[in-house]
Amino acid sequence: MDKLKLRRELIEQRGAIPAAKRRENARAIRETLLDQPWVQMAGLVACYWSIGDEPETHGLVFALWKHGATVMLPVLRQDNDLDWAVYDGPDTLAPGRFGIMEPVDTRRGVEAVRTAALLIVPALAVDRDSGVRLGRGGGSYDRALARVGPNVPTVALLHDGELISGIPVEPHDQPVKWVAQPGGLTNVSTAGPCR
């Protein structure tokens, strides 16, 4: 299956998830992640501010910040690369490119993600065998994933049913190590569930 067709199908499936179920999914994902010691100990977290039918991250970002983590959120540049700025509470966000909320803090540059102890990224799906994520096609998060060190946990947030097999892989595609879904956390770097 080609990526464009797969993206369309996944976006359609996400659109059919009722709002109440999406809220429930967000709570389950947030609780699962916040229960992990490696999330609790991450002093600097690079995350994203969810939009549309993505698994909602607003509560997760707020909880990480309230628990003492420094949270960086992306700022989409004209070249579709990601700059980063620090989140300092819900009142420090403003609409950016395409209306996506971003921090008003000083931009730290595209390389700032290298300092993160944890990187949380969006995805439409992740391949259960390779860990490669299917994004929206801009390559922004593949660039960010390529910049973090090999020991940094990388997590894609998905709705249940979006950890699949057979995602076409291109040379620029970067894998994630973990997938967080409402049903739990899966280590895709070893293809085994986290218990």
# chains A, B, ... in the order shown; residues from 1 in each chain; ligands from 1
>>> closest_atom_pairs(of="region 29-71 of chain A", to="region 116-139 of chain A", cutoff="10 Å", atoms="only C-alpha atoms", output="JSON lines")
{"residue": "A:Trp38", "atom": "CA", "partner": "A:Leu118", "partner_atom": "CA", "distance": 8.3}
{"residue": "A:Val39", "atom": "CA", "partner": "A:Leu118", "partner_atom": "CA", "distance": 7.2}
{"residue": "A:Met41", "atom": "CA", "partner": "A:Ala117", "partner_atom": "CA", "distance": 8.6}
{"residue": "A:Ala42", "atom": "CA", "partner": "A:Ala117", "partner_atom": "CA", "distance": 5.3}
{"residue": "A:Gly43", "atom": "CA", "partner": "A:Ala117", "partner_atom": "CA", "distance": 6.6}
{"residue": "A:Leu44", "atom": "CA", "partner": "A:Ala116", "partner_atom": "CA", "distance": 5.0}
{"residue": "A:Val45", "atom": "CA", "partner": "A:Leu118", "partner_atom": "CA", "distance": 4.9}
{"residue": "A:Ala46", "atom": "CA", "partner": "A:Leu119", "partner_atom": "CA", "distance": 4.8}
{"residue": "A:Cys47", "atom": "CA", "partner": "A:Ile120", "partner_atom": "CA", "distance": 4.7}
{"residue": "A:Tyr48", "atom": "CA", "partner": "A:Val121", "partner_atom": "CA", "distance": 6.5}
{"residue": "A:Trp49", "atom": "CA", "partner": "A:Pro122", "partner_atom": "CA", "distance": 9.3}
{"residue": "A:Ser50", "atom": "CA", "partner": "A:Pro122", "partner_atom": "CA", "distance": 7.8}
{"residue": "A:Ile51", "atom": "CA", "partner": "A:Pro122", "partner_atom": "CA", "distance": 9.8}
{"residue": "A:Asp53", "atom": "CA", "partner": "A:Leu124", "partner_atom": "CA", "distance": 9.8}
{"residue": "A:Glu54", "atom": "CA", "partner": "A:Pro122", "partner_atom": "CA", "distance": 7.3}
{"residue": "A:Pro55", "atom": "CA", "partner": "A:Pro122", "partner_atom": "CA", "distance": 8.1}
{"residue": "A:Glu56", "atom": "CA", "partner": "A:Pro122", "partner_atom": "CA", "distance": 9.9}
{"residue": "A:Thr57", "atom": "CA", "partner": "A:Pro122", "partner_atom": "CA", "distance": 9.5}
{"residue": "A:Thr70", "atom": "CA", "partner": "A:Ala116", "partner_atom": "CA", "distance": 9.3}
{"residue": "A:Val71", "atom": "CA", "partner": "A:Ala116", "partner_atom": "CA", "distance": 9.0}
>>> select_by_dssp(residues="region 65-143 of chain A", states="strand (DSSP E or B)", output="JSON, numbers by chain")
{"A": [70, 71, 72, 73, 74, 75, 76, 82, 83, 84, 85, 86, 87, 93, 94, 95, 101, 102, 103, 118, 119, 120, 121, 122, 125, 126, 127, 132, 133, 134]}
>>> write_last_selection(atoms="C-alpha atoms", output="CSV table (one decimal), in the first residue's frame")
chain,number,residue,atom,x,y,z
A,70,THR,CA,11.2,21.6,31.1
A,71,VAL,CA,9.0,21.0,28.0
A,72,MET,CA,10.0,22.2,24.6
A,73,LEU,CA,7.4,22.4,21.9
A,74,PRO,CA,8.1,22.8,18.2
A,75,VAL,CA,7.9,25.9,16.1
A,76,LEU,CA,7.3,25.0,12.4
A,82,LEU,CA,11.3,22.3,13.6
A,83,ASP,CA,12.7,25.0,15.8
A,84,TRP,CA,12.0,24.6,19.5
A,85,ALA,CA,10.9,26.9,22.3
A,86,VAL,CA,10.1,26.3,26.0
A,87,TYR,CA,6.5,25.9,27.2
A,93,LEU,CA,1.2,29.8,23.7
A,94,ALA,CA,0.1,31.7,20.6
A,95,PRO,CA,-1.0,30.6,17.1
A,101,MET,CA,-0.2,26.7,18.9
A,102,GLU,CA,3.5,27.3,19.8
A,103,PRO,CA,5.4,28.9,22.7
A,118,LEU,CA,12.8,12.3,25.9
A,119,LEU,CA,11.2,13.0,22.5
A,120,ILE,CA,7.4,12.6,22.0
A,121,VAL,CA,6.2,12.8,18.4
A,122,PRO,CA,2.9,12.6,16.5
A,125,ALA,CA,0.6,5.0,12.4
A,126,VAL,CA,3.8,3.1,13.4
A,127,ASP,CA,5.1,-0.1,11.8
A,132,VAL,CA,9.0,3.6,11.4
A,133,ARG,CA,6.2,6.1,11.8
A,134,LEU,CA,3.9,7.4,9.2
>>> atom_distance(atom1="CA of Arg97 (chain A)", atom2="CA of Arg77 (chain A)")
8.0 Å
>>> atom_distance(atom1="CA of Gly183 (chain A)", atom2="CA of Lys21 (chain A)")
12.6 Å
>>> closest_residue(among="A:Arg14, A:Arg30, A:His67, A:Arg8", to="Gly184 (chain A)", atoms="only C-alpha atoms")
A:Arg30
>>> closest_residue(among="A:Glu12, A:Asp81, A:Glu31, A:Asp88", to="Val104 (chain A)", atoms="only C-alpha atoms")
A:Asp88
>>> closest_residue(among="A:Ile100, A:Leu4, A:Leu33, A:Ala28", to="Pro168 (chain A)", atoms="only C-alpha atoms")
A:Leu4
>>> atom_distance(atom1="CA of Gln174 (chain A)", atom2="CA of Leu145 (chain A)")
6.2 Å
>>> closest_residue(among="A:Val188, A:Trp178, A:Arg143, A:Arg114", to="Ser165 (chain A)", atoms="only C-alpha atoms")
A:Val188
>>> closest_residue(among="A:Leu185, A:Ala63, A:Ile17, A:Ala144", to="Leu163 (chain A)", atoms="only C-alpha atoms")
A:Leu185
>>> closest_residue(among="A:Gln40, A:Asn80, A:Gln181, A:Thr186", to="Arg27 (chain A)", atoms="only C-alpha atoms")
A:Gln181
>>> select_by_dssp(residues="chain A", states="alpha helix (DSSP H)", output="PDB file with N, CA, C and O atoms, in the first residue's frame")
ATOM      1  N   LYS A   3       1.905   5.272   0.670  1.00  0.00           N
ATOM      2  CA  LYS A   3       1.745   6.128   1.848  1.00  0.00           C
ATOM      3  C   LYS A   3       0.543   7.061   1.731  1.00  0.00           C
ATOM      4  O   LYS A   3      -0.145   7.302   2.714  1.00  0.00           O
ATOM      5  N   LEU A   4       0.305   7.604   0.544  1.00  0.00           N
ATOM      6  CA  LEU A   4      -0.812   8.542   0.389  1.00  0.00           C
ATOM      7  C   LEU A   4      -2.140   7.867   0.683  1.00  0.00           C
ATOM      8  O   LEU A   4      -2.983   8.413   1.393  1.00  0.00           O
ATOM      9  N   LYS A   5      -2.329   6.677   0.137  1.00  0.00           N
ATOM     10  CA  LYS A   5      -3.579   5.942   0.364  1.00  0.00           C
ATOM     11  C   LYS A   5      -3.707   5.576   1.842  1.00  0.00           C
ATOM     12  O   LYS A   5      -4.791   5.706   2.434  1.00  0.00           O
ATOM     13  N   LEU A   6      -2.621   5.104   2.448  1.00  0.00           N
ATOM     14  CA  LEU A   6      -2.640   4.729   3.855  1.00  0.00           C
ATOM     15  C   LEU A   6      -2.946   5.943   4.730  1.00  0.00           C
ATOM     16  O   LEU A   6      -3.747   5.856   5.661  1.00  0.00           O
ATOM     17  N   ARG A   7      -2.334   7.090   4.420  1.00  0.00           N
ATOM     18  CA  ARG A   7      -2.628   8.316   5.177  1.00  0.00           C
ATOM     19  C   ARG A   7      -4.112   8.659   5.118  1.00  0.00           C
ATOM     20  O   ARG A   7      -4.721   8.978   6.133  1.00  0.00           O
ATOM     21  N   ARG A   8      -4.683   8.621   3.913  1.00  0.00           N
ATOM     22  CA  ARG A   8      -6.111   8.948   3.747  1.00  0.00           C
ATOM     23  C   ARG A   8      -6.984   8.028   4.587  1.00  0.00           C
ATOM     24  O   ARG A   8      -7.918   8.469   5.253  1.00  0.00           O
ATOM     25  N   GLU A   9      -6.687   6.725   4.558  1.00  0.00           N
ATOM     26  CA  GLU A   9      -7.480   5.758   5.326  1.00  0.00           C
ATOM     27  C   GLU A   9      -7.372   6.017   6.827  1.00  0.00           C
ATOM     28  O   GLU A   9      -8.379   5.983   7.547  1.00  0.00           O
ATOM     29  N   LEU A  10      -6.155   6.281   7.296  1.00  0.00           N
ATOM     30  CA  LEU A  10      -5.952   6.508   8.728  1.00  0.00           C
ATOM     31  C   LEU A  10      -6.613   7.808   9.187  1.00  0.00           C
ATOM     32  O   LEU A  10      -7.204   7.855  10.270  1.00  0.00           O
ATOM     33  N   ILE A  11      -6.526   8.834   8.373  1.00  0.00           N
ATOM     34  CA  ILE A  11      -7.165  10.112   8.721  1.00  0.00           C
ATOM     35  C   ILE A  11      -8.684   9.928   8.778  1.00  0.00           C
ATOM     36  O   ILE A  11      -9.350  10.442   9.684  1.00  0.00           O
ATOM     37  N   GLU A  12      -9.224   9.158   7.851  1.00  0.00           N
ATOM     38  CA  GLU A  12     -10.666   8.881   7.858  1.00  0.00           C
ATOM     39  C   GLU A  12     -11.067   8.097   9.108  1.00  0.00           C
ATOM     40  O   GLU A  12     -12.072   8.401   9.751  1.00  0.00           O
ATOM     41  N   GLN A  13     -10.265   7.101   9.480  1.00  0.00           N
ATOM     42  CA  GLN A  13     -10.552   6.310  10.687  1.00  0.00           C
ATOM     43  C   GLN A  13     -10.510   7.195  11.932  1.00  0.00           C
ATOM     44  O   GLN A  13     -11.360   7.085  12.813  1.00  0.00           O
ATOM     45  N   ARG A  14      -9.512   8.086  11.997  1.00  0.00           N
ATOM     46  CA  ARG A  14      -9.412   8.976  13.154  1.00  0.00           C
ATOM     47  C   ARG A  14     -10.615   9.902  13.247  1.00  0.00           C
ATOM     48  O   ARG A  14     -11.101  10.196  14.325  1.00  0.00           O
ATOM     49  N   GLY A  15     -11.077  10.373  12.100  1.00  0.00           N
ATOM     50  CA  GLY A  15     -12.224  11.268  12.078  1.00  0.00           C
ATOM     51  C   GLY A  15     -13.489  10.626  12.605  1.00  0.00           C
ATOM     52  O   GLY A  15     -14.412  11.321  13.036  1.00  0.00           O
ATOM     53  N   ALA A  19     -15.633  12.246  20.029  1.00  0.00           N
ATOM     54  CA  ALA A  19     -14.871  13.167  20.875  1.00  0.00           C
ATOM     55  C   ALA A  19     -14.685  12.615  22.289  1.00  0.00           C
ATOM     56  O   ALA A  19     -13.610  12.743  22.872  1.00  0.00           O
ATOM     57  N   ALA A  20     -15.706  11.998  22.844  1.00  0.00           N
ATOM     58  CA  ALA A  20     -15.597  11.443  24.207  1.00  0.00           C
ATOM     59  C   ALA A  20     -14.546  10.340  24.255  1.00  0.00           C
ATOM     60  O   ALA A  20     -13.788  10.235  25.224  1.00  0.00           O
ATOM     61  N   LYS A  21     -14.489   9.525  23.217  1.00  0.00           N
ATOM     62  CA  LYS A  21     -13.491   8.454  23.159  1.00  0.00           C
ATOM     63  C   LYS A  21     -12.089   9.036  23.013  1.00  0.00           C
ATOM     64  O   LYS A  21     -11.135   8.548  23.620  1.00  0.00           O
ATOM     65  N   ARG A  22     -11.943  10.108  22.229  1.00  0.00           N
ATOM     66  CA  ARG A  22     -10.630  10.758  22.091  1.00  0.00           C
ATOM     67  C   ARG A  22     -10.161  11.306  23.438  1.00  0.00           C
ATOM     68  O   ARG A  22      -8.979  11.205  23.771  1.00  0.00           O
ATOM     69  N   ARG A  23     -11.074  11.891  24.211  1.00  0.00           N
ATOM     70  CA  ARG A  23     -10.699  12.397  25.547  1.00  0.00           C
ATOM     71  C   ARG A  23     -10.260  11.254  26.459  1.00  0.00           C
ATOM     72  O   ARG A  23      -9.283  11.367  27.196  1.00  0.00           O
ATOM     73  N   GLU A  24     -11.000  10.158  26.404  1.00  0.00           N
ATOM     74  CA  GLU A  24     -10.656   8.973  27.197  1.00  0.00           C
ATOM     75  C   GLU A  24      -9.288   8.425  26.771  1.00  0.00           C
ATOM     76  O   GLU A  24      -8.462   8.056  27.613  1.00  0.00           O
ATOM     77  N   ASN A  25      -9.046   8.389  25.465  1.00  0.00           N
ATOM     78  CA  ASN A  25      -7.751   7.928  24.943  1.00  0.00           C
ATOM     79  C   ASN A  25      -6.615   8.807  25.460  1.00  0.00           C
ATOM     80  O   ASN A  25      -5.558   8.304  25.869  1.00  0.00           O
ATOM     81  N   ALA A  26      -6.811  10.120  25.431  1.00  0.00           N
ATOM     82  CA  ALA A  26      -5.773  11.051  25.878  1.00  0.00           C
ATOM     83  C   ALA A  26      -5.439  10.826  27.346  1.00  0.00           C
ATOM     84  O   ALA A  26      -4.266  10.820  27.730  1.00  0.00           O
ATOM     85  N   ARG A  27      -6.463  10.629  28.163  1.00  0.00           N
ATOM     86  CA  ARG A  27      -6.239  10.380  29.589  1.00  0.00           C
ATOM     87  C   ARG A  27      -5.443   9.086  29.798  1.00  0.00           C
ATOM     88  O   ARG A  27      -4.478   9.054  30.564  1.00  0.00           O
ATOM     89  N   ALA A  28      -5.810   8.029  29.079  1.00  0.00           N
ATOM     90  CA  ALA A  28      -5.123   6.742  29.217  1.00  0.00           C
ATOM     91  C   ALA A  28      -3.662   6.843  28.782  1.00  0.00           C
ATOM     92  O   ALA A  28      -2.764   6.326  29.461  1.00  0.00           O
ATOM     93  N   ILE A  29      -3.411   7.517  27.668  1.00  0.00           N
ATOM     94  CA  ILE A  29      -2.036   7.685  27.191  1.00  0.00           C
ATOM     95  C   ILE A  29      -1.225   8.496  28.189  1.00  0.00           C
ATOM     96  O   ILE A  29      -0.092   8.144  28.534  1.00  0.00           O
ATOM     97  N   ARG A  30      -1.797   9.592  28.677  1.00  0.00           N
ATOM     98  CA  ARG A  30      -1.108  10.454  29.651  1.00  0.00           C
ATOM     99  C   ARG A  30      -0.743   9.653  30.900  1.00  0.00           C
ATOM    100  O   ARG A  30       0.395   9.697  31.366  1.00  0.00           O
ATOM    101  N   GLU A  31      -1.694   8.898  31.440  1.00  0.00           N
ATOM    102  CA  GLU A  31      -1.427   8.115  32.656  1.00  0.00           C
ATOM    103  C   GLU A  31      -0.363   7.056  32.415  1.00  0.00           C
ATOM    104  O   GLU A  31       0.509   6.836  33.259  1.00  0.00           O
ATOM    105  N   THR A  32      -0.438   6.385  31.270  1.00  0.00           N
ATOM    106  CA  THR A  32       0.562   5.362  30.942  1.00  0.00           C
ATOM    107  C   THR A  32       1.959   5.964  30.902  1.00  0.00           C
ATOM    108  O   THR A  32       2.902   5.419  31.480  1.00  0.00           O
ATOM    109  N   LEU A  33       2.104   7.096  30.212  1.00  0.00           N
ATOM    110  CA  LEU A  33       3.423   7.716  30.107  1.00  0.00           C
ATOM    111  C   LEU A  33       3.913   8.231  31.454  1.00  0.00           C
ATOM    112  O   LEU A  33       5.073   8.024  31.821  1.00  0.00           O
ATOM    113  N   LEU A  34       3.050   8.899  32.201  1.00  0.00           N
ATOM    114  CA  LEU A  34       3.480   9.475  33.475  1.00  0.00           C
ATOM    115  C   LEU A  34       3.824   8.416  34.517  1.00  0.00           C
ATOM    116  O   LEU A  34       4.506   8.713  35.497  1.00  0.00           O
ATOM    117  N   PRO A  37       9.090   5.365  34.842  1.00  0.00           N
ATOM    118  CA  PRO A  37      10.206   6.050  35.509  1.00  0.00           C
ATOM    119  C   PRO A  37      11.062   6.875  34.549  1.00  0.00           C
ATOM    120  O   PRO A  37      11.519   7.962  34.892  1.00  0.00           O
ATOM    121  N   TRP A  38      11.274   6.390  33.320  1.00  0.00           N
ATOM    122  CA  TRP A  38      12.109   7.122  32.366  1.00  0.00           C
ATOM    123  C   TRP A  38      11.422   8.385  31.867  1.00  0.00           C
ATOM    124  O   TRP A  38      12.089   9.299  31.391  1.00  0.00           O
ATOM    125  N   VAL A  39      10.105   8.460  31.985  1.00  0.00           N
ATOM    126  CA  VAL A  39       9.391   9.704  31.684  1.00  0.00           C
ATOM    127  C   VAL A  39       9.472  10.632  32.892  1.00  0.00           C
ATOM    128  O   VAL A  39       9.756  11.824  32.763  1.00  0.00           O
ATOM    129  N   GLN A  40       9.269  10.078  34.072  1.00  0.00           N
ATOM    130  CA  GLN A  40       9.318  10.870  35.304  1.00  0.00           C
ATOM    131  C   GLN A  40      10.686  11.515  35.506  1.00  0.00           C
ATOM    132  O   GLN A  40      10.785  12.618  36.036  1.00  0.00           O
ATOM    133  N   HIS A  58      -2.360  18.110  25.214  1.00  0.00           N
ATOM    134  CA  HIS A  58      -2.402  19.320  26.033  1.00  0.00           C
ATOM    135  C   HIS A  58      -2.284  18.991  27.523  1.00  0.00           C
ATOM    136  O   HIS A  58      -1.504  19.626  28.245  1.00  0.00           O
ATOM    137  N   GLY A  59      -3.029  17.992  27.981  1.00  0.00           N
ATOM    138  CA  GLY A  59      -2.948  17.578  29.380  1.00  0.00           C
ATOM    139  C   GLY A  59      -1.606  16.964  29.724  1.00  0.00           C
ATOM    140  O   GLY A  59      -1.085  17.152  30.826  1.00  0.00           O
ATOM    141  N   LEU A  60      -1.017  16.221  28.785  1.00  0.00           N
ATOM    142  CA  LEU A  60       0.295  15.610  28.996  1.00  0.00           C
ATOM    143  C   LEU A  60       1.364  16.685  29.141  1.00  0.00           C
ATOM    144  O   LEU A  60       2.191  16.635  30.065  1.00  0.00           O
ATOM    145  N   VAL A  61       1.359  17.659  28.245  1.00  0.00           N
ATOM    146  CA  VAL A  61       2.343  18.747  28.303  1.00  0.00           C
ATOM    147  C   VAL A  61       2.218  19.484  29.628  1.00  0.00           C
ATOM    148  O   VAL A  61       3.218  19.747  30.312  1.00  0.00           O
ATOM    149  N   PHE A  62       0.995  19.800  30.026  1.00  0.00           N
ATOM    150  CA  PHE A  62       0.767  20.517  31.280  1.00  0.00           C
ATOM    151  C   PHE A  62       1.254  19.687  32.468  1.00  0.00           C
ATOM    152  O   PHE A  62       1.926  20.202  33.370  1.00  0.00           O
ATOM    153  N   ALA A  63       0.933  18.373  32.474  1.00  0.00           N
ATOM    154  CA  ALA A  63       1.338  17.506  33.584  1.00  0.00           C
ATOM    155  C   ALA A  63       2.862  17.384  33.676  1.00  0.00           C
ATOM    156  O   ALA A  63       3.425  17.442  34.777  1.00  0.00           O
ATOM    157  N   LEU A  64       3.530  17.221  32.547  1.00  0.00           N
ATOM    158  CA  LEU A  64       4.997  17.152  32.558  1.00  0.00           C
ATOM    159  C   LEU A  64       5.579  18.437  33.138  1.00  0.00           C
ATOM    160  O   LEU A  64       6.487  18.405  33.975  1.00  0.00           O
ATOM    161  N   TRP A  65       5.051  19.573  32.687  1.00  0.00           N
ATOM    162  CA  TRP A  65       5.517  20.879  33.166  1.00  0.00           C
ATOM    163  C   TRP A  65       5.252  21.043  34.655  1.00  0.00           C
ATOM    164  O   TRP A  65       6.136  21.470  35.406  1.00  0.00           O
ATOM    165  N   LYS A  66       4.051  20.670  35.122  1.00  0.00           N
ATOM    166  CA  LYS A  66       3.707  20.796  36.545  1.00  0.00           C
ATOM    167  C   LYS A  66       4.564  19.872  37.412  1.00  0.00           C
ATOM    168  O   LYS A  66       4.815  20.178  38.580  1.00  0.00           O
ATOM    169  N   SER A 140       9.150  16.762   8.983  1.00  0.00           N
ATOM    170  CA  SER A 140       9.607  17.572  10.117  1.00  0.00           C
ATOM    171  C   SER A 140      10.089  16.715  11.280  1.00  0.00           C
ATOM    172  O   SER A 140      11.165  16.949  11.838  1.00  0.00           O
ATOM    173  N   TYR A 141       9.284  15.723  11.647  1.00  0.00           N
ATOM    174  CA  TYR A 141       9.648  14.914  12.812  1.00  0.00           C
ATOM    175  C   TYR A 141      10.717  13.878  12.480  1.00  0.00           C
ATOM    176  O   TYR A 141      11.458  13.461  13.377  1.00  0.00           O
ATOM    177  N   ASP A 142      10.838  13.465  11.227  1.00  0.00           N
ATOM    178  CA  ASP A 142      11.960  12.594  10.855  1.00  0.00           C
ATOM    179  C   ASP A 142      13.276  13.334  11.078  1.00  0.00           C
ATOM    180  O   ASP A 142      14.256  12.751  11.544  1.00  0.00           O
ATOM    181  N   ARG A 143      13.307  14.616  10.755  1.00  0.00           N
ATOM    182  CA  ARG A 143      14.521  15.413  10.991  1.00  0.00           C
ATOM    183  C   ARG A 143      14.820  15.509  12.485  1.00  0.00           C
ATOM    184  O   ARG A 143      15.974  15.381  12.907  1.00  0.00           O
ATOM    185  N   ALA A 144      13.774  15.742  13.286  1.00  0.00           N
ATOM    186  CA  ALA A 144      13.977  15.829  14.740  1.00  0.00           C
ATOM    187  C   ALA A 144      14.459  14.491  15.295  1.00  0.00           C
ATOM    188  O   ALA A 144      15.387  14.450  16.110  1.00  0.00           O
ATOM    189  N   LEU A 145      13.843  13.397  14.858  1.00  0.00           N
ATOM    190  CA  LEU A 145      14.249  12.069  15.333  1.00  0.00           C
ATOM    191  C   LEU A 145      15.693  11.762  14.957  1.00  0.00           C
ATOM    192  O   LEU A 145      16.416  11.109  15.718  1.00  0.00           O
ATOM    193  N   ALA A 146      16.136  12.228  13.802  1.00  0.00           N
ATOM    194  CA  ALA A 146      17.518  11.987  13.365  1.00  0.00           C
ATOM    195  C   ALA A 146      18.525  12.747  14.220  1.00  0.00           C
ATOM    196  O   ALA A 146      19.701  12.373  14.253  1.00  0.00           O
ATOM    197  N   ARG A 147      18.077  13.785  14.915  1.00  0.00           N
ATOM    198  CA  ARG A 147      19.000  14.611  15.702  1.00  0.00           C
ATOM    199  C   ARG A 147      19.214  14.112  17.128  1.00  0.00           C
ATOM    200  O   ARG A 147      20.180  14.513  17.766  1.00  0.00           O
TER     201      ARG A 147
END
